[in-house]
Every structure is written in C-alpha cells, then in structure tokens.
$ cat coords.pdb   # PDB, C-alpha atoms and all ligand atoms
MODEL        1
ATOM      1  CA  MET Z   6    -122.894-149.272  21.636
ATOM      2  CA  THR Z   7    -120.331-152.066  21.551
ATOM      3  CA  VAL Z   8    -117.788-152.669  18.814
ATOM      4  CA  ARG Z   9    -116.575-156.235  18.704
ATOM      5  CA  LEU Z  10    -113.668-157.508  16.624
ATOM      6  CA  ARG Z  11    -113.235-161.266  16.460
ATOM      7  CA  ARG Z  12    -110.030-162.813  15.099
ATOM      8  CA  VAL Z  13    -109.621-160.054  12.529
ATOM      9  CA  THR Z  14    -106.817-160.499  10.030
ATOM     10  CA  VAL Z  15    -106.149-157.992   7.253
ATOM     11  CA  ASP Z  16    -103.716-159.117   4.600
ATOM     12  CA  TYR Z  17    -103.485-156.368   1.972
ATOM     13  CA  ALA Z  18    -100.798-158.128  -0.010
ATOM     14  CA  SER Z  19    -102.391-161.559   0.431
ATOM     15  CA  GLY Z  20     -99.319-163.544   1.216
ATOM     16  CA  GLY Z  21     -96.657-160.887   0.477
ATOM     17  CA  GLY Z  22     -95.424-159.248   3.674
ATOM     18  CA  LEU Z  23     -96.855-159.592   7.156
ATOM     19  CA  PRO Z  24    -100.599-159.001   7.423
ATOM     20  CA  ALA Z  25    -101.454-155.470   8.643
ATOM     21  CA  LEU Z  26    -103.629-157.019  11.390
ATOM     22  CA  ARG Z  27    -103.189-160.524  12.724
ATOM     23  CA  ASP Z  28    -105.887-162.346  14.642
ATOM     24  CA  VAL Z  29    -107.084-159.262  16.510
ATOM     25  CA  THR Z  30    -109.870-159.850  19.038
ATOM     26  CA  LEU Z  31    -111.026-156.724  20.872
ATOM     27  CA  ASP Z  32    -114.237-155.341  22.380
ATOM     28  CA  PHE Z  33    -114.735-151.594  22.592
ATOM     29  CA  ARG Z  34    -117.371-150.978  25.254
ATOM     30  CA  PRO Z  35    -119.640-148.001  25.975
ATOM     31  CA  GLY Z  36    -117.826-145.204  27.784
ATOM     32  CA  GLU Z  37    -114.387-146.378  26.707
ATOM     33  CA  MET Z  38    -112.071-143.884  25.107
ATOM     34  CA  THR Z  39    -109.317-146.090  23.763
ATOM     35  CA  GLY Z  40    -105.928-144.785  22.704
ATOM     36  CA  VAL Z  41    -104.303-147.065  20.133
ATOM     37  CA  LEU Z  42    -100.506-146.931  20.216
ATOM     38  CA  GLY Z  43     -97.899-148.554  18.036
ATOM     39  CA  ARG Z  44     -95.017-147.894  15.743
ATOM     40  CA  SER Z  45     -95.540-146.650  12.228
ATOM     41  CA  GLY Z  46     -97.016-149.519  10.213
ATOM     42  CA  ALA Z  47     -98.222-151.419  13.315
ATOM     43  CA  GLY Z  48    -101.773-151.500  11.951
ATOM     44  CA  LYS Z  49    -103.467-148.627  13.832
ATOM     45  CA  SER Z  50    -105.155-147.037  10.794
ATOM     46  CA  THR Z  51    -106.147-150.448   9.490
ATOM     47  CA  LEU Z  52    -107.864-151.196  12.801
ATOM     48  CA  ILE Z  53    -109.890-147.989  12.596
ATOM     49  CA  ARG Z  54    -110.712-148.595   8.944
ATOM     50  CA  CYS Z  55    -112.023-152.064   9.770
ATOM     51  CA  ILE Z  56    -114.445-150.573  12.291
ATOM     52  CA  ASN Z  57    -116.056-148.272   9.728
ATOM     53  CA  ALA Z  58    -115.829-150.917   7.007
ATOM     54  CA  LEU Z  59    -113.437-148.967   4.802
ATOM     55  CA  VAL Z  60    -111.242-152.058   4.926
ATOM     56  CA  LYS Z  61    -112.701-155.541   4.738
ATOM     57  CA  PRO Z  62    -110.881-158.106   6.856
ATOM     58  CA  SER Z  63    -109.381-161.106   5.065
ATOM     59  CA  SER Z  64    -110.887-163.138   7.905
ATOM     60  CA  GLY Z  65    -112.734-162.549  11.153
ATOM     61  CA  SER Z  66    -115.712-160.358  11.973
ATOM     62  CA  VAL Z  67    -116.383-156.778  13.045
ATOM     63  CA  GLU Z  68    -119.683-156.269  14.857
ATOM     64  CA  ILE Z  69    -121.281-152.982  15.841
ATOM     65  CA  ASP Z  70    -124.120-153.570  18.260
ATOM     66  CA  GLY Z  71    -124.393-157.144  17.060
ATOM     67  CA  ARG Z  72    -124.375-156.408  13.304
ATOM     68  CA  ASP Z  73    -121.449-157.706  11.298
ATOM     69  CA  VAL Z  74    -120.338-154.667   9.256
ATOM     70  CA  THR Z  75    -118.342-156.872   6.881
ATOM     71  CA  ARG Z  76    -121.611-158.397   5.645
ATOM     72  CA  LEU Z  77    -123.839-155.347   5.283
ATOM     73  CA  GLY Z  78    -125.293-154.287   1.948
ATOM     74  CA  SER Z  79    -124.572-150.762   0.730
ATOM     75  CA  ARG Z  80    -127.733-149.219   2.198
ATOM     76  CA  ALA Z  81    -127.370-150.856   5.617
ATOM     77  CA  LEU Z  82    -123.713-149.873   5.569
ATOM     78  CA  ARG Z  83    -124.647-146.233   4.907
ATOM     79  CA  ASP Z  84    -127.042-146.300   7.875
ATOM     80  CA  CYS Z  85    -124.375-147.877  10.037
ATOM     81  CA  ARG Z  86    -121.750-145.315   8.973
ATOM     82  CA  ALA Z  87    -124.142-142.486   9.811
ATOM     83  CA  GLY Z  88    -123.581-143.442  13.444
ATOM     84  CA  ILE Z  89    -119.797-143.405  13.113
ATOM     85  CA  GLY Z  90    -117.920-140.113  13.320
ATOM     86  CA  MET Z  91    -114.525-140.124  11.627
ATOM     87  CA  VAL Z  92    -111.743-137.621  12.136
ATOM     88  CA  PHE Z  93    -109.325-138.426   9.329
ATOM     89  CA  GLN Z  94    -105.563-138.136   9.294
ATOM     90  CA  GLN Z  95    -105.427-135.510   6.551
ATOM     91  CA  PHE Z  96    -108.562-133.789   7.809
ATOM     92  CA  GLY Z  97    -110.720-135.014   4.915
ATOM     93  CA  LEU Z  98    -112.257-131.582   4.438
ATOM     94  CA  VAL Z  99    -113.242-129.778   1.249
ATOM     95  CA  PRO Z 100    -110.657-126.946   1.153
ATOM     96  CA  ARG Z 101    -112.446-124.430  -1.064
ATOM     97  CA  THR Z 102    -115.673-124.656   0.858
ATOM     98  CA  SER Z 103    -116.587-122.798   4.026
ATOM     99  CA  ALA Z 104    -116.041-124.253   7.480
ATOM    100  CA  LEU Z 105    -119.825-124.232   8.032
ATOM    101  CA  THR Z 106    -120.560-126.175   4.837
ATOM    102  CA  ASN Z 107    -117.894-128.723   5.728
ATOM    103  CA  VAL Z 108    -119.575-129.264   9.076
ATOM    104  CA  LEU Z 109    -123.000-129.511   7.398
ATOM    105  CA  LEU Z 110    -121.617-132.229   5.138
ATOM    106  CA  GLY Z 111    -121.110-134.334   8.281
ATOM    107  CA  ALA Z 112    -124.881-134.655   8.662
ATOM    108  CA  ILE Z 113    -125.361-135.933   5.122
ATOM    109  CA  GLY Z 114    -125.331-139.635   5.972
ATOM    110  CA  GLN Z 115    -128.444-139.100   8.069
ATOM    111  CA  ARG Z 116    -130.550-137.358   5.404
ATOM    112  CA  PRO Z 117    -132.761-138.662   2.645
ATOM    113  CA  ALA Z 118    -130.955-138.794  -0.699
ATOM    114  CA  TRP Z 119    -133.314-136.287  -2.392
ATOM    115  CA  ARG Z 120    -132.291-133.579   0.037
ATOM    116  CA  ASN Z 121    -128.625-134.266  -0.639
ATOM    117  CA  ALA Z 122    -129.308-133.980  -4.358
ATOM    118  CA  LEU Z 123    -130.882-130.558  -3.820
ATOM    119  CA  GLY Z 124    -128.050-129.411  -1.587
ATOM    120  CA  PHE Z 125    -130.712-128.299   0.873
ATOM    121  CA  PHE Z 126    -129.912-127.808   4.527
ATOM    122  CA  SER Z 127    -132.652-127.022   7.010
ATOM    123  CA  ALA Z 128    -132.477-124.191   9.528
ATOM    124  CA  ARG Z 129    -132.130-126.860  12.218
ATOM    125  CA  GLU Z 130    -129.134-128.451  10.492
ATOM    126  CA  ARG Z 131    -127.533-125.032  10.055
ATOM    127  CA  ALA Z 132    -128.080-124.222  13.721
ATOM    128  CA  ALA Z 133    -126.577-127.585  14.748
ATOM    129  CA  ALA Z 134    -123.539-126.981  12.531
ATOM    130  CA  ALA Z 135    -123.065-123.464  13.940
ATOM    131  CA  ALA Z 136    -123.337-124.871  17.485
ATOM    132  CA  ALA Z 137    -120.734-127.533  16.670
ATOM    133  CA  LEU Z 138    -118.352-124.817  15.439
ATOM    134  CA  GLU Z 139    -118.992-122.914  18.689
ATOM    135  CA  ALA Z 140    -118.200-126.095  20.638
ATOM    136  CA  VAL Z 141    -114.772-126.314  19.008
ATOM    137  CA  GLU Z 142    -114.243-122.604  19.615
ATOM    138  CA  LEU Z 143    -114.550-121.616  15.970
ATOM    139  CA  GLY Z 144    -117.798-119.716  16.373
ATOM    140  CA  GLY Z 145    -116.764-116.815  14.138
ATOM    141  CA  PHE Z 146    -115.202-119.000  11.436
ATOM    142  CA  GLY Z 147    -118.291-120.476   9.773
ATOM    143  CA  PRO Z 148    -118.018-118.471   6.516
ATOM    144  CA  ARG Z 149    -114.220-118.824   6.274
ATOM    145  CA  ARG Z 150    -112.960-121.203   3.603
ATOM    146  CA  VAL Z 151    -111.119-124.197   5.047
ATOM    147  CA  GLU Z 152    -108.022-123.483   2.922
ATOM    148  CA  GLN Z 153    -107.706-120.206   4.845
ATOM    149  CA  LEU Z 154    -107.531-121.954   8.234
ATOM    150  CA  SER Z 155    -104.507-123.204  10.175
ATOM    151  CA  GLY Z 156    -103.870-126.930  10.696
ATOM    152  CA  GLY Z 157    -105.283-126.880  14.232
ATOM    153  CA  GLN Z 158    -108.353-124.941  13.127
ATOM    154  CA  ARG Z 159    -108.933-127.419  10.294
ATOM    155  CA  GLN Z 160    -108.670-130.285  12.703
ATOM    156  CA  ARG Z 161    -111.293-128.632  14.888
ATOM    157  CA  VAL Z 162    -113.577-128.230  11.856
ATOM    158  CA  ALA Z 163    -113.138-131.973  11.234
ATOM    159  CA  ILE Z 164    -114.121-132.658  14.838
ATOM    160  CA  ALA Z 165    -117.139-130.328  14.563
ATOM    161  CA  ARG Z 166    -118.186-132.258  11.473
ATOM    162  CA  ALA Z 167    -117.993-135.536  13.403
ATOM    163  CA  LEU Z 168    -119.862-133.864  16.268
ATOM    164  CA  VAL Z 169    -122.974-132.946  14.231
ATOM    165  CA  GLN Z 170    -123.420-136.624  13.484
ATOM    166  CA  ARG Z 171    -123.853-137.235  17.253
ATOM    167  CA  PRO Z 172    -121.962-140.436  16.566
ATOM    168  CA  ALA Z 173    -122.359-143.526  18.730
ATOM    169  CA  VAL Z 174    -118.829-144.419  17.641
ATOM    170  CA  LEU Z 175    -116.168-141.746  17.256
ATOM    171  CA  LEU Z 176    -112.995-142.745  15.413
ATOM    172  CA  ALA Z 177    -109.986-140.454  15.139
ATOM    173  CA  ASP Z 178    -106.933-141.417  13.108
ATOM    174  CA  GLU Z 179    -103.909-139.400  14.236
ATOM    175  CA  PRO Z 180    -105.977-136.309  14.990
ATOM    176  CA  VAL Z 181    -102.987-134.321  16.223
ATOM    177  CA  SER Z 182    -100.269-135.221  13.756
ATOM    178  CA  SER Z 183     -98.384-132.081  12.699
ATOM    179  CA  LEU Z 184     -99.943-129.909  15.409
ATOM    180  CA  ASP Z 185     -98.007-128.116  18.161
ATOM    181  CA  PRO Z 186     -98.148-129.534  21.720
ATOM    182  CA  VAL Z 187    -100.591-126.940  23.067
ATOM    183  CA  THR Z 188    -103.003-127.297  20.138
ATOM    184  CA  SER Z 189    -102.671-131.093  20.376
ATOM    185  CA  ARG Z 190    -103.754-131.016  24.020
ATOM    186  CA  GLY Z 191    -106.671-128.785  23.106
ATOM    187  CA  ILE Z 192    -107.811-131.276  20.444
ATOM    188  CA  LEU Z 193    -107.539-134.245  22.830
ATOM    189  CA  GLU Z 194    -109.375-132.311  25.526
ATOM    190  CA  LEU Z 195    -112.119-131.626  23.029
ATOM    191  CA  LEU Z 196    -112.366-135.267  21.964
ATOM    192  CA  ALA Z 197    -112.463-136.357  25.624
ATOM    193  CA  ARG Z 198    -115.210-133.814  26.355
ATOM    194  CA  ILE Z 199    -117.275-134.974  23.380
ATOM    195  CA  HIS Z 200    -116.694-138.554  24.448
ATOM    196  CA  ARG Z 201    -118.060-137.895  27.948
ATOM    197  CA  GLU Z 202    -121.206-136.188  26.668
ATOM    198  CA  ASP Z 203    -122.746-139.578  25.875
ATOM    199  CA  ALA Z 204    -122.155-142.405  28.347
ATOM    200  CA  ARG Z 205    -122.768-144.982  25.593
ATOM    201  CA  ARG Z 206    -120.223-143.525  23.207
ATOM    202  CA  VAL Z 207    -117.265-145.601  22.028
ATOM    203  CA  THR Z 208    -114.222-143.535  21.072
ATOM    204  CA  VAL Z 209    -111.072-144.931  19.457
ATOM    205  CA  VAL Z 210    -108.114-142.616  18.832
ATOM    206  CA  ASN Z 211    -104.838-143.523  17.124
ATOM    207  CA  LEU Z 212    -101.962-141.590  18.592
ATOM    208  CA  HIS Z 213     -98.216-141.378  18.245
ATOM    209  CA  ASP Z 214     -97.915-139.286  21.390
ATOM    210  CA  VAL Z 215     -97.936-141.710  24.337
ATOM    211  CA  GLU Z 216     -98.255-139.007  26.999
ATOM    212  CA  LEU Z 217    -101.353-137.575  25.341
ATOM    213  CA  ALA Z 218    -102.916-141.030  25.138
ATOM    214  CA  LEU Z 219    -102.192-141.683  28.818
ATOM    215  CA  ALA Z 220    -103.552-138.290  29.846
ATOM    216  CA  TYR Z 221    -106.873-138.427  27.999
ATOM    217  CA  CYS Z 222    -107.817-142.053  27.301
ATOM    218  CA  ASN Z 223    -109.214-144.518  29.827
ATOM    219  CA  ARG Z 224    -107.940-147.573  27.970
ATOM    220  CA  ILE Z 225    -104.778-148.211  25.993
ATOM    221  CA  VAL Z 226    -104.316-150.803  23.251
ATOM    222  CA  GLY Z 227    -100.799-151.417  21.957
ATOM    223  CA  LEU Z 228    -100.316-152.876  18.496
ATOM    224  CA  ARG Z 229     -97.120-154.314  17.171
ATOM    225  CA  GLU Z 230     -96.751-155.813  13.712
ATOM    226  CA  GLY Z 231    -100.500-156.254  13.500
ATOM    227  CA  ARG Z 232    -100.966-157.955  16.860
ATOM    228  CA  VAL Z 233    -102.390-156.683  20.134
ATOM    229  CA  VAL Z 234     -99.420-156.722  22.510
ATOM    230  CA  PHE Z 235    -100.977-154.652  25.299
ATOM    231  CA  ASP Z 236    -104.514-153.934  26.459
ATOM    232  CA  GLY Z 237    -104.979-152.195  29.775
ATOM    233  CA  ARG Z 238    -105.376-149.019  31.762
ATOM    234  CA  PRO Z 239    -103.164-145.970  31.200
ATOM    235  CA  ASP Z 240    -101.621-146.364  34.676
ATOM    236  CA  GLU Z 241    -100.393-149.821  33.682
ATOM    237  CA  VAL Z 242     -98.265-148.433  30.870
ATOM    238  CA  ASP Z 243     -94.809-148.574  32.401
ATOM    239  CA  ALA Z 244     -91.342-148.802  30.861
ATOM    240  CA  SER Z 245     -91.693-152.482  30.123
ATOM    241  CA  VAL Z 246     -95.048-152.013  28.351
ATOM    242  CA  ARG Z 247     -93.514-149.199  26.294
ATOM    243  CA  GLN Z 248     -90.687-151.551  25.405
ATOM    244  CA  THR Z 249     -93.207-154.214  24.371
ATOM    245  CA  ILE Z 250     -95.037-151.779  22.093
ATOM    246  CA  TYR Z 251     -92.157-149.728  20.712
ATOM    247  CA  GLY Z 252     -88.882-151.394  21.685
ATOM    248  CA  GLY Z 253     -86.289-152.747  19.279
ATOM    249  CA  ALA Z 254     -86.854-156.167  17.762
TER     250      ALA Z 254
HETATM  251  N1  LIG Z 301    -104.071-149.869   1.174
HETATM  252  C1  LIG Z 301    -103.000-150.601   1.518
HETATM  253  N2  LIG Z 301    -102.486-151.501   0.663
HETATM  254  C2  LIG Z 301    -101.427-152.281   0.988
HETATM  255  N3  LIG Z 301    -100.804-152.218   2.194
HETATM  256  C3  LIG Z 301    -101.272-151.335   3.091
HETATM  257  C4  LIG Z 301    -102.384-150.471   2.807
HETATM  258  N4  LIG Z 301    -102.619-149.705   3.900
HETATM  259  C5  LIG Z 301    -101.691-150.059   4.818
HETATM  260  N5  LIG Z 301    -100.868-151.029   4.332
HETATM  261  C6  LIG Z 301     -99.783-151.683   5.057
HETATM  262  O1  LIG Z 301    -100.334-152.262   6.235
HETATM  263  C7  LIG Z 301     -99.464-152.062   7.352
HETATM  264  C8  LIG Z 301    -100.192-151.327   8.454
HETATM  265  O2  LIG Z 301    -100.479-150.002   8.008
HETATM  266  P1  LIG Z 301    -101.330-148.960   8.876
HETATM  267  O3  LIG Z 301    -101.526-147.752   8.049
HETATM  268  O4  LIG Z 301    -102.528-149.653   9.414
HETATM  269  O5  LIG Z 301    -100.310-148.672  10.070
HETATM  270  P2  LIG Z 301    -100.279-147.502  11.142
HETATM  271  O6  LIG Z 301     -99.938-148.139  12.430
HETATM  272  O7  LIG Z 301    -101.538-146.718  11.085
HETATM  273  O8  LIG Z 301     -99.048-146.626  10.639
HETATM  274  P3  LIG Z 301     -98.762-145.031  10.786
HETATM  275  O9  LIG Z 301     -98.548-144.786  12.238
HETATM  276  O10 LIG Z 301     -97.516-144.858   9.978
HETATM  277  O11 LIG Z 301     -99.957-144.312  10.223
HETATM  278  C9  LIG Z 301     -98.238-151.331   6.814
HETATM  279  O12 LIG Z 301     -97.244-152.290   6.554
HETATM  280  C10 LIG Z 301     -98.733-150.695   5.537
HETATM  281  O13 LIG Z 301     -97.696-150.571   4.606
ENDMDL
END
$ encode --input "coords.pdb" --output "structure tokens"
Amino acid sequence: MTVRLRRVTVDYASGGGLPALRDVTLDFRPGEMTGVLGRSGAGKSTLIRCINALVKPSSGSVEIDGRDVTRLGSRALRDCRAGIGMVFQQFGLVPRTSALTNVLLGAIGQRPAWRNALGFFSARERAAAAAALEAVELGGFGPRRVEQLSGGQRQRVAIARALVQRPAVLLADEPVSSLDPVTSRGILELLARIHREDARRVTVVNLHDVELALAYCNRIVGLREGRVVFDGRPDEVDASVRQTIYGGA
C-alpha cells in the first residue's frame, strides 16, 4: 500500500488566511510509521483528513495504491475507506453503547448494506471484535458502556475498532492528547505493534509529543504553516530541526 500526495493545497477560506496545506508532495510507503509534527494549526489534521478524503484538496492529488481518492464516487470511496483505519482526536466513539459494539461498528464499512440495516453481526465478527479488545488489553470490558471508561481506555477501544478493519492504512490524529505519559506510551506501543503486524501497512500519526514520535515512528514529517519543512529519520531530528518545525518566526 502506498499513499501518494502530489502538490496538495487545501485552502479552507479560499483566499482568506494562509492555506492549511501548501503544495505538499509526500509518499507514504509500506512499512513506514510516520510521525507528523508541527505547531497547532500547522496542518497535521488536514493532512490526515486528505488521505481519507474527509477533506478535498483545493488542488493536487491524493492517491492510494494508484487510485486518486479525490475523484472517487461514493461507492468506490466507501470501499477505499474500508481499508483505512482512523483513530480520531476525540475518540469518535458512541458513548452510550458498549465497548464491544463500538469495536463491531469498525467492521461496518466492509459489510453488505443489508446486514448493516439489520444490525446483524456474525459470530466471526463478534469473535474478531472480542480479540481486538483483548489485543488492547480490554478483554473484560466488552459489555461496559464507553461513557463508563477512562480516557485511555476509550482511546484503546478506538484503536481496537481500527484494528478489526485490518486496515492497509492506519491514521491516528492526536491519539494521546489528554492522556498521562505512561498511558500515552502504552498507546504508541500498541500502534507500533499493530503497524508491524503487516509489513505493507502505512501508518500516519499526528503527535504533539516529539519524544514519543522519535521513540516509536521510523519516519518524521515536520509541517509548518502548511508546508513540509522536514522529512527524515527520527535520529536526524536535532535542535536545529526542532527549531525549523517549532521555533519562533
Ligand atoms: N474546517 C475548517 N474550516 C476552516 N479552516 C479550518 C478548518 N479546519 C482547519 N482549519 C484551519 O486550517 C489550519 C490547519 O488546521 P489543522 O487542524 O490541520 O492543524 P493542526 O496542525 O492539526 O492543529 P492542532 O495541532 O491544533 O490540531 C488552521 O489554521 C485551522 O484554523
């Protein structure tokens, strides 16, 4: 699986402020777990949202395995999204529903519409969802409603939900915001483990915590005011690179 962005510009305000992304050309290759760094507003979420076609670029193209996602019809887009696991910033879970059902909902993109309409989950889907909860160390929490879980537990449910999709592309937007340092490490460790399970997997994680990105990702992309200002290995991120990404104007 390769994700290819070519000269992507996203201008939400069309001409107002600076575009959120400016002329971004990047390839995300199989096996890469990329940590995207940048100040607040640098365009990290927009980048991720372009990859799963939640945001349409003002110009440029976004290709997943050679298909331009900006040009897909709704059905082809649904098929394409079924292969993309998303861990959202605010978890994106259904709070009053059990952890297990939330995880089962992750498989929905891969099922025929009639089965969604009936709310029917097969024994195999249930077993896969239970296994995904085990994998994130929430084995006993399947029946528990999400609103009764802590922030870190919710985040792990969100990861389990992405996991049941067996996604070729795994996107995580600030998966550890508002979590304590130990829980944050646990979440990154989990994402890195999931990433390694499939040598073809492409993982892109937005992070505010530089040390976490350096510890768990094998590639770092730095964004600043919508532009790529760094693209390299974690061991290349020195004081001057940090200055380039975060430093004062
Ligand atoms: N839906 C939107 N409509 C208009 N402007 C938007 C929208 N989403 C983001 N922006 C703007 O685009 C720019 C980039 O935002 P984005 O959310 O991609 O940044 P970010 O790096 O993820 O920030 P943070 O770290 O704070 O989450 C910001 O200036 C933001 O205000």
$ closest_atom_pairs --input "coords.pdb" --of "segment 32-115 of chain Z" --to "segment 131-144 of chain Z" --cutoff "7 Å" --atoms "only C-alpha atoms" --output "JSON lines"
{"residue": "Z:Leu105", "atom": "CA", "partner": "Z:Ala134", "partner_atom": "CA", "distance": 6.4}
{"residue": "Z:Val108", "atom": "CA", "partner": "Z:Ala134", "partner_atom": "CA", "distance": 5.7}
{"residue": "Z:Leu109", "atom": "CA", "partner": "Z:Ala134", "partner_atom": "CA", "distance": 5.7}
$ resolve_selection --input "coords.pdb" --expression "the PyMOL selection byres (((chain Z and resi 231) around 7) and not hetatm)" --output "list in words"
Pro24, Ala25, Leu26, Arg27, Ala47, Gly48, Leu228, Arg229, Glu230, Arg232 and Val233 of chain Z
$ atom_distance --input "coords.pdb" --atom1 "atom CA of His200 of chain Z" --atom2 "atom CA of Ala163 of chain Z"
15.2 Å
$ closest_residue --input "coords.pdb" --among "Z:Glu130, Z:Asp214, Z:Glu37, Z:Glu68" --to "ligand LIG 301 (chain Z)" --atoms "only C-alpha atoms and all ligand atoms"
Z:Asp214
$ axis_aligned_box --input "coords.pdb" --around "ligand LIG 301 (chain Z)" --padding-each-side "5 Å" --output "lines of an AutoDock Vina configuration file"
center_x = -100.7
center_y = -148.3
center_z = 6.5
size_x = 16.8
size_y = 18.0
size_z = 21.8
$ atom_distance --input "coords.pdb" --atom1 "atom CA of Arg190 of chain Z" --atom2 "atom CA of Val99 of chain Z"
24.7 Å
$ resolve_selection --input "coords.pdb" --expression "the PyMOL selection byres (((chain Z and resi 7) around 12) and not hetatm)" --output "ChimeraX atom specification"
/Z:6,8-10,31-37,56,67-73,173-175,204-209
$ atom_distance --input "coords.pdb" --atom1 "atom C3 of ligand LIG 301 (chain Z)" --atom2 "atom CA of Ala18 of chain Z"
7.5 Å
$ residues_near_ligand --input "coords.pdb" --ligand "ligand LIG 301 (chain Z)" --cutoff "10 Å" --atoms "all atoms listed in the file" --output "PyMOL selection string"
chain Z and resi 15-19+21-26+41-55+60+94+178-179+182+211-213+228-231
$ decode --input "coords.pdb" --residues "segment 33-52 of chain Z" --atoms "N, CA and C atoms" --output "CSV table (one decimal), in the first residue's frame"
chain,number,residue,atom,x,y,z
Z,33,PHE,N,3.9,8.0,1.3
Z,33,PHE,CA,3.9,7.2,2.5
Z,33,PHE,C,4.0,5.7,2.0
Z,34,ARG,N,5.1,5.1,2.3
Z,34,ARG,CA,5.4,3.8,1.7
Z,34,ARG,C,5.1,2.6,2.7
Z,35,PRO,N,4.9,1.4,2.2
Z,35,PRO,CA,4.7,0.3,3.0
Z,35,PRO,C,5.7,0.1,4.1
Z,36,GLY,N,5.3,-0.2,5.3
Z,36,GLY,CA,6.2,-0.4,6.5
Z,36,GLY,C,6.6,0.9,7.2
Z,37,GLU,N,6.2,2.1,6.6
Z,37,GLU,CA,6.5,3.3,7.3
Z,37,GLU,C,5.5,3.7,8.3
Z,38,MET,N,6.0,4.0,9.5
Z,38,MET,CA,5.1,4.6,10.5
Z,38,MET,C,5.6,6.0,10.7
Z,39,THR,N,4.8,6.9,10.2
Z,39,THR,CA,5.3,8.3,10.1
Z,39,THR,C,4.7,9.1,11.2
Z,40,GLY,N,5.5,9.8,12.0
Z,40,GLY,CA,5.0,10.8,13.0
Z,40,GLY,C,5.0,12.2,12.3
Z,41,VAL,N,3.8,12.8,12.4
Z,41,VAL,CA,3.7,14.1,11.8
Z,41,VAL,C,3.7,15.1,12.9
Z,42,LEU,N,4.7,16.0,12.9
Z,42,LEU,CA,4.9,17.0,14.0
Z,42,LEU,C,4.6,18.4,13.4
Z,43,GLY,N,4.3,19.3,14.3
Z,43,GLY,CA,4.1,20.7,13.9
Z,43,GLY,C,3.3,21.4,14.9
Z,44,ARG,N,3.4,22.8,14.9
Z,44,ARG,CA,2.7,23.5,15.9
Z,44,ARG,C,1.2,23.4,15.6
Z,45,SER,N,0.4,23.9,16.6
Z,45,SER,CA,-1.0,23.9,16.5
Z,45,SER,C,-1.4,24.7,15.2
Z,46,GLY,N,-2.2,24.2,14.4
Z,46,GLY,CA,-2.6,24.9,13.2
Z,46,GLY,C,-1.7,24.7,12.0
Z,47,ALA,N,-0.6,23.9,12.2
Z,47,ALA,CA,0.3,23.7,11.1
Z,47,ALA,C,-0.2,22.9,9.9
Z,48,GLY,N,-1.3,22.2,10.1
Z,48,GLY,CA,-2.0,21.4,9.0
Z,48,GLY,C,-2.0,19.9,9.2
Z,49,LYS,N,-1.6,19.4,10.4
Z,49,LYS,CA,-1.5,18.0,10.6
Z,49,LYS,C,-2.8,17.2,10.4
Z,50,SER,N,-3.9,17.7,11.0
Z,50,SER,CA,-5.2,17.1,10.9
Z,50,SER,C,-5.6,17.2,9.5
Z,51,THR,N,-5.4,18.3,8.8
Z,51,THR,CA,-5.8,18.4,7.4
Z,51,THR,C,-5.1,17.4,6.5
Z,52,LEU,N,-3.9,17.2,6.8
Z,52,LEU,CA,-3.1,16.2,6.0
Z,52,LEU,C,-3.8,14.8,6.2
